file upload-v5.pdb (PDB, C-alpha atoms)
ATOM      1  CA  MET A 227      10.745  52.547 -38.187
ATOM      2  CA  ALA A 228      12.106  55.982 -37.274
ATOM      3  CA  PRO A 229      11.106  55.813 -33.561
ATOM      4  CA  LEU A 230      12.577  52.298 -33.268
ATOM      5  CA  THR A 231      15.834  53.440 -34.877
ATOM      6  CA  GLY A 232      16.047  56.358 -32.482
ATOM      7  CA  LEU A 233      15.482  54.062 -29.498
ATOM      8  CA  VAL A 234      18.254  51.684 -30.615
ATOM      9  CA  ASP A 235      20.633  54.600 -31.170
ATOM     10  CA  GLY A 236      19.838  55.898 -27.699
ATOM     11  CA  LEU A 237      20.540  52.510 -26.099
ATOM     12  CA  VAL A 238      23.830  52.130 -27.951
ATOM     13  CA  GLU A 239      24.880  55.622 -26.906
ATOM     14  CA  GLY A 240      23.955  54.928 -23.310
ATOM     15  CA  LEU A 241      25.909  51.651 -23.258
ATOM     16  CA  SER A 242      28.948  53.291 -24.779
ATOM     17  CA  GLU A 243      28.997  55.773 -21.913
ATOM     18  CA  THR A 244      28.935  53.030 -19.268
ATOM     19  CA  ASN A 245      32.256  52.721 -17.443
ATOM     20  CA  VAL A 246      33.770  49.722 -15.641
ATOM     21  CA  THR A 247      32.307  50.688 -12.267
ATOM     22  CA  GLY A 248      28.773  50.154 -13.442
ATOM     23  CA  SER A 249      27.895  53.870 -13.596
ATOM     24  CA  SER A 250      26.419  55.380 -16.750
ATOM     25  CA  ILE A 251      26.233  59.046 -17.598
ATOM     26  CA  LEU A 252      22.753  59.947 -18.745
ATOM     27  CA  GLY A 253      22.713  63.626 -19.561
ATOM     28  CA  ASP A 254      23.859  65.615 -16.572
ATOM     29  CA  GLU A 255      22.912  62.990 -13.969
ATOM     30  CA  LEU A 256      25.026  60.115 -12.683
ATOM     31  CA  ALA A 257      22.914  56.960 -12.324
ATOM     32  CA  PHE A 258      24.503  53.963 -10.627
ATOM     33  CA  VAL A 259      23.672  50.595 -12.180
ATOM     34  CA  GLU A 260      23.844  47.585  -9.879
ATOM     35  CA  CYS A 261      26.190  44.868 -11.074
ATOM     36  CA  PHE A 262      23.651  42.053 -10.867
ATOM     37  CA  SER A 263      21.257  43.982 -13.132
ATOM     38  CA  TYR A 264      23.389  43.274 -16.189
ATOM     39  CA  SER A 265      25.715  40.399 -15.231
ATOM     40  CA  TRP A 266      25.006  37.082 -13.513
ATOM     41  CA  PHE A 267      28.714  36.684 -12.804
ATOM     42  CA  CYS A 268      28.355  39.155  -9.953
ATOM     43  CA  LEU A 269      26.513  36.448  -8.033
ATOM     44  CA  PHE A 270      29.676  34.350  -8.124
ATOM     45  CA  GLU A 271      31.766  37.317  -7.020
ATOM     46  CA  ALA A 272      29.516  37.800  -4.006
ATOM     47  CA  VAL A 273      30.273  34.298  -2.692
ATOM     48  CA  SER A 274      33.103  34.025  -0.181
ATOM     49  CA  PRO A 275      36.318  32.613  -1.707
ATOM     50  CA  TYR A 276      36.642  30.235   1.227
ATOM     51  CA  MET A 277      33.363  28.626   0.218
ATOM     52  CA  TRP A 278      34.693  28.109  -3.328
ATOM     53  CA  ALA A 279      37.859  26.598  -1.882
ATOM     54  CA  TYR A 280      36.000  24.086   0.282
ATOM     55  CA  ILE A 281      33.664  23.236  -2.598
ATOM     56  CA  GLY A 282      36.795  22.472  -4.632
ATOM     57  CA  ILE A 283      38.056  20.152  -1.902
ATOM     58  CA  ALA A 284      34.701  18.387  -1.757
ATOM     59  CA  LEU A 285      34.607  17.959  -5.545
ATOM     60  CA  GLY A 286      38.185  16.716  -5.743
ATOM     61  CA  LEU A 287      37.700  14.119  -3.017
ATOM     62  CA  GLY A 288      34.095  13.204  -3.755
ATOM     63  CA  LEU A 289      34.485  12.670  -7.500
ATOM     64  CA  SER A 290      37.676  10.672  -6.941
ATOM     65  CA  VAL A 291      35.963   8.350  -4.464
ATOM     66  CA  LEU A 292      33.006   8.049  -6.838
ATOM     67  CA  GLY A 293      35.316   7.011  -9.673
ATOM     68  CA  ALA A 294      37.109   4.493  -7.461
ATOM     69  CA  ALA A 295      33.850   3.009  -6.178
ATOM     70  CA  TRP A 296      32.460   2.771  -9.704
ATOM     71  CA  GLY A 297      35.583   0.994 -10.930
ATOM     72  CA  ILE A 298      35.640  -1.436  -8.009
ATOM     73  CA  PHE A 299      31.959  -2.183  -8.580
ATOM     74  CA  LEU A 300      32.554  -3.040 -12.243
ATOM     75  CA  THR A 301      35.741  -5.011 -11.704
ATOM     76  CA  GLY A 302      34.736  -6.764  -8.491
ATOM     77  CA  SER A 303      31.457  -8.071  -9.843
ATOM     78  CA  SER A 304      33.198  -9.495 -12.912
ATOM     79  CA  ILE A 305      35.935 -11.128 -10.835
ATOM     80  CA  VAL A 306      33.432 -12.748  -8.486
ATOM     81  CA  GLY A 307      31.258 -13.958 -11.360
ATOM     82  CA  ALA A 308      34.098 -15.299 -13.496
ATOM     83  CA  SER A 309      35.879 -16.977 -10.567
ATOM     84  CA  ILE A 310      32.959 -19.395 -10.216
ATOM     85  CA  LYS A 311      34.075 -21.178 -13.371
ATOM     86  CA  ALA A 312      37.774 -20.254 -13.123
ATOM     87  CA  PRO A 313      38.825 -19.873  -9.451
ATOM     88  CA  ARG A 314      42.454 -19.248 -10.433
ATOM     89  CA  ILE A 315      41.680 -15.675 -11.606
ATOM     90  CA  SER A 316      40.466 -14.424  -8.221
ATOM     91  CA  SER A 317      43.947 -13.725  -6.838
ATOM     92  CA  LYS A 318      45.943 -12.167  -9.665
ATOM     93  CA  ASN A 319      43.046 -10.033 -10.927
ATOM     94  CA  LEU A 320      42.924  -8.230  -7.601
ATOM     95  CA  VAL A 321      45.509  -5.884  -9.096
ATOM     96  CA  SER A 322      42.586  -4.254 -10.921
ATOM     97  CA  ILE A 323      40.989  -3.472  -7.552
ATOM     98  CA  ILE A 324      44.262  -1.913  -6.410
ATOM     99  CA  PHE A 325      44.351   0.337  -9.469
ATOM    100  CA  CYS A 326      40.809   1.490  -8.730
ATOM    101  CA  GLU A 327      41.617   2.146  -5.084
ATOM    102  CA  ALA A 328      44.597   4.257  -6.147
ATOM    103  CA  VAL A 329      42.154   6.679  -7.756
ATOM    104  CA  ALA A 330      40.585   7.391  -4.356
ATOM    105  CA  ILE A 331      44.066   7.836  -2.867
ATOM    106  CA  TYR A 332      44.784  10.481  -5.523
ATOM    107  CA  GLY A 333      41.719  12.381  -4.328
ATOM    108  CA  VAL A 334      42.780  12.142  -0.686
ATOM    109  CA  ILE A 335      46.253  13.451  -1.518
ATOM    110  CA  ILE A 336      44.999  16.467  -3.442
ATOM    111  CA  ALA A 337      42.364  17.189  -0.763
ATOM    112  CA  ILE A 338      45.068  17.309   1.920
ATOM    113  CA  ILE A 339      47.219  19.604  -0.224
ATOM    114  CA  MET A 340      44.289  21.928  -0.878
ATOM    115  CA  ALA A 341      43.222  22.010   2.769
ATOM    116  CA  ASN A 342      46.745  23.001   3.843
ATOM    117  CA  LYS A 343      46.696  25.905   1.373
ATOM    118  CA  ILE A 344      43.734  27.608   3.045
ATOM    119  CA  GLU A 345      44.595  30.357   5.506
ATOM    120  CA  GLY A 346      41.586  31.093   7.685
ATOM    121  CA  LEU A 347      40.524  34.561   8.768
ATOM    122  CA  GLU A 348      38.155  35.716  11.481
ATOM    123  CA  GLU A 349      35.905  37.440   8.940
ATOM    124  CA  PHE A 350      35.997  38.065   5.214
ATOM    125  CA  VAL A 351      33.622  40.577   3.646
ATOM    126  CA  VAL A 352      33.343  40.476  -0.123
ATOM    127  CA  PRO A 353      34.059  44.046  -1.277
ATOM    128  CA  ALA A 354      32.370  45.819  -4.179
ATOM    129  CA  GLN A 355      35.730  46.347  -5.861
ATOM    130  CA  PRO A 356      38.273  43.828  -4.531
ATOM    131  CA  GLN A 357      41.831  45.086  -4.354
ATOM    132  CA  GLY A 358      45.084  43.878  -2.877
ATOM    133  CA  SER A 359      44.750  40.988  -0.446
ATOM    134  CA  GLN A 360      40.992  40.800  -0.977
ATOM    135  CA  ALA A 361      41.386  40.219  -4.705
ATOM    136  CA  LYS A 362      44.159  37.747  -3.931
ATOM    137  CA  ALA A 363      41.817  35.735  -1.696
ATOM    138  CA  MET A 364      39.063  35.684  -4.318
ATOM    139  CA  VAL A 365      41.430  34.492  -7.038
ATOM    140  CA  ALA A 366      42.768  31.798  -4.705
ATOM    141  CA  GLY A 367      39.245  30.573  -3.980
ATOM    142  CA  TRP A 368      38.373  30.256  -7.665
ATOM    143  CA  CYS A 369      41.694  28.551  -8.324
ATOM    144  CA  MET A 370      40.985  25.956  -5.636
ATOM    145  CA  LEU A 371      37.588  25.290  -7.201
ATOM    146  CA  CYS A 372      39.259  24.650 -10.559
ATOM    147  CA  VAL A 373      41.794  22.341  -8.903
ATOM    148  CA  GLY A 374      38.991  20.272  -7.408
ATOM    149  CA  LEU A 375      37.214  20.038 -10.753
ATOM    150  CA  SER A 376      40.405  19.114 -12.629
ATOM    151  CA  VAL A 377      41.437  16.364 -10.249
ATOM    152  CA  GLY A 378      37.932  15.132  -9.486
ATOM    153  CA  LEU A 379      36.817  14.753 -13.094
ATOM    154  CA  SER A 380      40.146  13.198 -14.112
ATOM    155  CA  ASN A 381      39.889  10.601 -11.363
ATOM    156  CA  LEU A 382      36.216   9.966 -12.064
ATOM    157  CA  PHE A 383      36.831   8.999 -15.674
ATOM    158  CA  CYS A 384      40.047   7.220 -14.719
ATOM    159  CA  GLY A 385      38.154   5.014 -12.263
ATOM    160  CA  ILE A 386      35.525   4.174 -14.863
ATOM    161  CA  CYS A 387      38.234   3.388 -17.431
ATOM    162  CA  VAL A 388      40.131   1.096 -15.066
ATOM    163  CA  GLY A 389      36.915  -0.572 -13.919
ATOM    164  CA  VAL A 390      35.711  -1.391 -17.421
ATOM    165  CA  SER A 391      39.133  -2.591 -18.582
ATOM    166  CA  GLY A 392      39.601  -4.596 -15.362
ATOM    167  CA  SER A 393      36.235  -6.246 -15.860
ATOM    168  CA  GLY A 394      37.231  -7.247 -19.385
ATOM    169  CA  CYS A 395      40.581  -8.471 -18.104
ATOM    170  CA  ALA A 396      38.916 -10.780 -15.581
ATOM    171  CA  LEU A 397      36.487 -12.210 -18.121
ATOM    172  CA  GLY A 398      39.207 -12.607 -20.766
ATOM    173  CA  ASP A 399      41.581 -14.251 -18.296
ATOM    174  CA  ALA A 400      38.896 -16.759 -17.376
ATOM    175  CA  GLN A 401      38.714 -17.905 -21.002
ATOM    176  CA  ARG A 402      42.277 -17.361 -22.193
ATOM    177  CA  PRO A 403      44.998 -16.927 -19.530
ATOM    178  CA  GLU A 404      47.488 -15.486 -22.020
ATOM    179  CA  LEU A 405      45.355 -12.323 -22.309
ATOM    180  CA  PHE A 406      46.034 -11.249 -18.723
ATOM    181  CA  VAL A 407      49.373  -9.509 -19.326
ATOM    182  CA  LYS A 408      48.084  -7.675 -22.389
ATOM    183  CA  MET A 409      44.996  -6.426 -20.587
ATOM    184  CA  LEU A 410      47.110  -5.450 -17.584
ATOM    185  CA  ILE A 411      49.063  -3.035 -19.790
ATOM    186  CA  VAL A 412      45.783  -1.439 -20.831
ATOM    187  CA  GLU A 413      44.854  -0.978 -17.176
ATOM    188  CA  ILE A 414      48.212   0.622 -16.384
ATOM    189  CA  PHE A 415      47.768   3.227 -19.086
ATOM    190  CA  GLY A 416      44.202   3.816 -17.927
ATOM    191  CA  SER A 417      45.289   4.395 -14.328
ATOM    192  CA  ALA A 418      47.873   6.928 -15.511
ATOM    193  CA  LEU A 419      45.046   9.268 -16.553
ATOM    194  CA  GLY A 420      44.228  10.019 -12.935
ATOM    195  CA  LEU A 421      47.886  10.607 -12.166
ATOM    196  CA  PHE A 422      48.029  13.228 -14.910
ATOM    197  CA  GLY A 423      45.143  15.059 -13.258
ATOM    198  CA  VAL A 424      46.864  14.989  -9.862
ATOM    199  CA  ILE A 425      50.097  16.402 -11.305
ATOM    200  CA  VAL A 426      48.289  19.273 -13.017
ATOM    201  CA  GLY A 427      46.178  19.842  -9.895
ATOM    202  CA  ILE A 428      49.257  20.199  -7.701
ATOM    203  CA  ILE A 429      50.718  22.735 -10.121
ATOM    204  CA  GLN A 430      47.436  24.661 -10.096
ATOM    205  CA  ALA A 431      47.232  24.554  -6.292
ATOM    206  CA  ASN A 432      50.694  26.097  -5.983
ATOM    207  CA  THR A 433      49.399  29.257  -7.658
ATOM    208  CA  ALA A 434      46.601  29.679  -5.084
ATOM    209  CA  THR A 435      47.812  31.735  -2.142
ATOM    210  CA  PHE A 436      45.395  32.929   0.516
ATOM    211  CA  PRO A 437      46.273  36.091   2.460
ATOM    212  CA  THR A 438      47.269  35.769   6.092
ATOM    213  CA  HIS A 439      46.264  37.896   9.059
ATOM    214  CA  HIS A 440      49.196  40.208   8.398
ATOM    215  CA  ASP A 441      48.110  40.851   4.806
ATOM    216  CA  MET A 442      44.513  41.906   5.611
TER     217      MET A 442
END

call {"tool": "encode", "arguments": {"input": "upload-v5.pdb", "output": "structure tokens"}}
result
Amino acid sequence: MAPLTGLVDGLVEGLSETNVTGSSILGDELAFVECFSYSWFCLFEAVSPYMWAYIGIALGLGLSVLGAAWGIFLTGSSIVGASIKAPRISSKNLVSIIFCEAVAIYGVIIAIIMANKIEGLEEFVVPAQPQGSQAKAMVAGWCMLCVGLSVGLSNLFCGICVGVSGSGCALGDAQRPELFVKMLIVEIFGSALGLFGVIVGIIQANTATFPTHHDM
């Protein structure tokens, strides 16, 4: 066990001498350790922040449209099926379709806001140690990615919620008309979930500021 203990002590001592730049002092020699050799997060740092920003826009819009389409699919099929026996429900239950479509509109709004935040540059090279405007651009790119995830996931689950509740509203209204108003309240609260995501996403997007040509 003595050789194994000595090896562990040597590794611990070597790690304790490693500084934040990835260089470790081994005896009298300075050996540079590549970032990716001990951290997978360096792969994310090597990606251009503008790519993260546009991925965020795609996620925000794409997931919102997916949630809206899913909700319309659930609600629309129930309305069409139930209106065969109760044609009177086909008109007033269209409000459920409107609620689902609003989810896609939320995604379009946040995508436009995010796209207007991006300040393009002729060329951006990811530095080894980002500082100043370069670090500012990288933080802005990650922030835009988080905005897209926040809004996109919120609208995705909001669309599913409104679709399922709207489907139940159509089927319940076909059997008992007095249930329509009660189920409509449930749909209103369900559609508010996506609005919460948009509000938080706008606040997040305001903190993302890309550098301009004068800052680089």

call {"tool": "closest_residue", "arguments": {"input": "upload-v5.pdb", "among": "A:Ile331, A:Ile305, A:Leu300, A:Ala272", "to": "Gly288 in chain A", "atoms": "all atoms listed in the file"}}
result
A:Ile331

call {"tool": "atom_distance", "arguments": {"input": "upload-v5.pdb", "atom1": "CA of Leu285 in chain A", "atom2": "CA of Ser304 in chain A"}}
result
28.5 Å

call {"tool": "closest_residue", "arguments": {"input": "upload-v5.pdb", "among": "A:Asn381, A:Asn342, A:Gln357, A:Ser322", "to": "Ile425 in chain A", "atoms": "all atoms listed in the file"}}
result
A:Asn381

call {"tool": "residues_around", "arguments": {"input": "upload-v5.pdb", "residues": "Leu320 in chain A", "least_positions_apart": "4", "cutoff": "9 Å", "atoms": "all atoms listed in the file", "output": "JSON list (two decimals) with C-alpha atoms, in the coordinates of the input"}}
result
[["chain", "number", "residue", "atom", "x", "y", "z"],
["A", 301, "THR", "CA", 35.74, -5.01, -11.70],
["A", 302, "GLY", "CA", 34.74, -6.76, -8.49],
["A", 305, "ILE", "CA", 35.94, -11.13, -10.84],
["A", 315, "ILE", "CA", 41.68, -15.68, -11.61],
["A", 316, "SER", "CA", 40.47, -14.42, -8.22],
["A", 324, "ILE", "CA", 44.26, -1.91, -6.41],
["A", 325, "PHE", "CA", 44.35, 0.34, -9.47]]

call {"tool": "resolve_selection", "arguments": {"input": "upload-v5.pdb", "expression": "the PyMOL selection byres ((chain A and resi 303) around 12)", "output": "list in words"}}
result
Ala295, Trp296, Gly297, Ile298, Phe299, Leu300, Thr301, Gly302, Ser304, Ile305, Val306, Gly307, Ala308, Ser309, Ile310, Ser316, Asn319, Leu320, Ser322, Ile323, Gly389, Val390, Gly392, Ser393, Gly394, Ala396 and Leu397 of chain A

call {"tool": "closest_residue", "arguments": {"input": "upload-v5.pdb", "among": "A:Gln401, A:Ser376, A:Thr435, A:Ser317", "to": "Ile283 in chain A", "atoms": "all atoms listed in the file"}}
result
A:Ser376

call {"tool": "decode", "arguments": {"input": "upload-v5.pdb", "residues": "range 287-378 of chain A", "atoms": "C-alpha atoms", "output": "mmCIF file, in the first residue's frame"}}
result
data_model
loop_
_atom_site.group_PDB
_atom_site.id
_atom_site.type_symbol
_atom_site.label_atom_id
_atom_site.label_comp_id
_atom_site.auth_asym_id
_atom_site.auth_seq_id
_atom_site.Cartn_x
_atom_site.Cartn_y
_atom_site.Cartn_z
ATOM 1 C CA LEU A 287 -39.424 29.874 -31.519
ATOM 2 C CA GLY A 288 -39.342 26.173 -32.339
ATOM 3 C CA LEU A 289 -40.473 24.896 -28.939
ATOM 4 C CA SER A 290 -43.218 27.530 -28.799
ATOM 5 C CA VAL A 291 -44.580 26.504 -32.199
ATOM 6 C CA LEU A 292 -44.328 22.853 -31.163
ATOM 7 C CA GLY A 293 -46.371 23.542 -28.032
ATOM 8 C CA ALA A 294 -48.974 25.486 -30.004
ATOM 9 C CA ALA A 295 -49.256 22.784 -32.667
ATOM 10 C CA TRP A 296 -49.558 20.076 -30.023
ATOM 11 C CA GLY A 297 -52.318 21.977 -28.239
ATOM 12 C CA ILE A 298 -54.236 22.682 -31.442
ATOM 13 C CA PHE A 299 -53.950 19.017 -32.399
ATOM 14 C CA LEU A 300 -55.435 17.885 -29.079
ATOM 15 C CA THR A 301 -58.155 20.514 -28.916
ATOM 16 C CA GLY A 302 -59.084 20.537 -32.597
ATOM 17 C CA SER A 303 -59.551 16.793 -32.839
ATOM 18 C CA SER A 304 -61.827 16.800 -29.789
ATOM 19 C CA ILE A 305 -63.886 19.719 -31.096
ATOM 20 C CA VAL A 306 -64.370 18.091 -34.489
ATOM 21 C CA GLY A 307 -65.276 14.739 -32.943
ATOM 22 C CA ALA A 308 -67.665 16.116 -30.330
ATOM 23 C CA SER A 309 -69.371 18.519 -32.755
ATOM 24 C CA ILE A 310 -70.763 15.542 -34.679
ATOM 25 C CA LYS A 311 -73.207 14.880 -31.856
ATOM 26 C CA ALA A 312 -73.375 18.470 -30.557
ATOM 27 C CA PRO A 313 -72.818 20.965 -33.420
ATOM 28 C CA ARG A 314 -73.417 23.933 -31.104
ATOM 29 C CA ILE A 315 -69.969 23.541 -29.462
ATOM 30 C CA SER A 316 -67.968 24.094 -32.654
ATOM 31 C CA SER A 317 -68.130 27.898 -32.513
ATOM 32 C CA LYS A 318 -67.622 28.870 -28.879
ATOM 33 C CA ASN A 319 -64.931 26.244 -28.247
ATOM 34 C CA LEU A 320 -62.733 27.863 -30.869
ATOM 35 C CA VAL A 321 -61.469 30.066 -28.046
ATOM 36 C CA SER A 322 -59.324 27.081 -27.034
ATOM 37 C CA ILE A 323 -57.658 27.187 -30.459
ATOM 38 C CA ILE A 324 -56.979 30.893 -29.968
ATOM 39 C CA PHE A 325 -55.293 30.225 -26.630
ATOM 40 C CA CYS A 326 -53.068 27.620 -28.271
ATOM 41 C CA GLU A 327 -52.184 29.949 -31.129
ATOM 42 C CA ALA A 328 -51.198 32.626 -28.614
ATOM 43 C CA VAL A 329 -48.414 30.326 -27.440
ATOM 44 C CA ALA A 330 -46.818 30.453 -30.899
ATOM 45 C CA ILE A 331 -47.206 34.245 -30.915
ATOM 46 C CA TYR A 332 -45.273 34.383 -27.626
ATOM 47 C CA GLY A 333 -42.419 32.547 -29.333
ATOM 48 C CA VAL A 334 -42.456 34.907 -32.313
ATOM 49 C CA ILE A 335 -42.341 37.943 -30.024
ATOM 50 C CA ILE A 336 -39.383 36.701 -28.004
ATOM 51 C CA ALA A 337 -37.566 35.592 -31.184
ATOM 52 C CA ILE A 338 -37.873 39.104 -32.631
ATOM 53 C CA ILE A 339 -36.619 40.648 -29.385
ATOM 54 C CA MET A 340 -33.656 38.279 -29.270
ATOM 55 C CA ALA A 341 -32.768 38.816 -32.926
ATOM 56 C CA ASN A 342 -32.708 42.596 -32.421
ATOM 57 C CA LYS A 343 -30.282 42.183 -29.509
ATOM 58 C CA ILE A 344 -27.579 40.588 -31.659
ATOM 59 C CA GLU A 345 -24.890 42.937 -32.927
ATOM 60 C CA GLY A 346 -23.020 41.296 -35.782
ATOM 61 C CA LEU A 347 -19.279 41.534 -36.307
ATOM 62 C CA GLU A 348 -17.125 40.768 -39.320
ATOM 63 C CA GLU A 349 -15.185 38.114 -37.401
ATOM 64 C CA PHE A 350 -15.129 36.829 -33.848
ATOM 65 C CA VAL A 351 -12.274 34.626 -32.665
ATOM 66 C CA VAL A 352 -12.804 32.838 -29.376
ATOM 67 C CA PRO A 353 -9.789 33.778 -27.227
ATOM 68 C CA ALA A 354 -8.015 31.488 -24.771
ATOM 69 C CA GLN A 355 -8.723 33.914 -21.941
ATOM 70 C CA PRO A 356 -11.667 36.170 -22.851
ATOM 71 C CA GLN A 357 -11.487 39.677 -21.457
ATOM 72 C CA GLY A 358 -13.376 42.906 -21.938
ATOM 73 C CA SER A 359 -15.683 42.966 -24.946
ATOM 74 C CA GLN A 360 -14.839 39.368 -25.834
ATOM 75 C CA ALA A 361 -16.014 38.092 -22.459
ATOM 76 C CA LYS A 362 -19.056 40.339 -22.774
ATOM 77 C CA ALA A 363 -19.974 38.722 -26.102
ATOM 78 C CA MET A 364 -19.579 35.205 -24.710
ATOM 79 C CA VAL A 365 -21.769 35.958 -21.701
ATOM 80 C CA ALA A 366 -24.390 37.508 -23.984
ATOM 81 C CA GLY A 367 -24.426 34.402 -26.173
ATOM 82 C CA TRP A 368 -24.976 32.075 -23.221
ATOM 83 C CA CYS A 369 -27.647 34.396 -21.863
ATOM 84 C CA MET A 370 -29.530 34.289 -25.165
ATOM 85 C CA LEU A 371 -29.386 30.493 -25.104
ATOM 86 C CA CYS A 372 -30.937 30.490 -21.630
ATOM 87 C CA VAL A 373 -33.635 32.914 -22.787
ATOM 88 C CA GLY A 374 -34.574 30.578 -25.621
ATOM 89 C CA LEU A 375 -34.736 27.599 -23.275
ATOM 90 C CA SER A 376 -36.796 29.483 -20.675
ATOM 91 C CA VAL A 377 -39.375 30.769 -23.122
ATOM 92 C CA GLY A 378 -39.417 27.692 -25.341
#
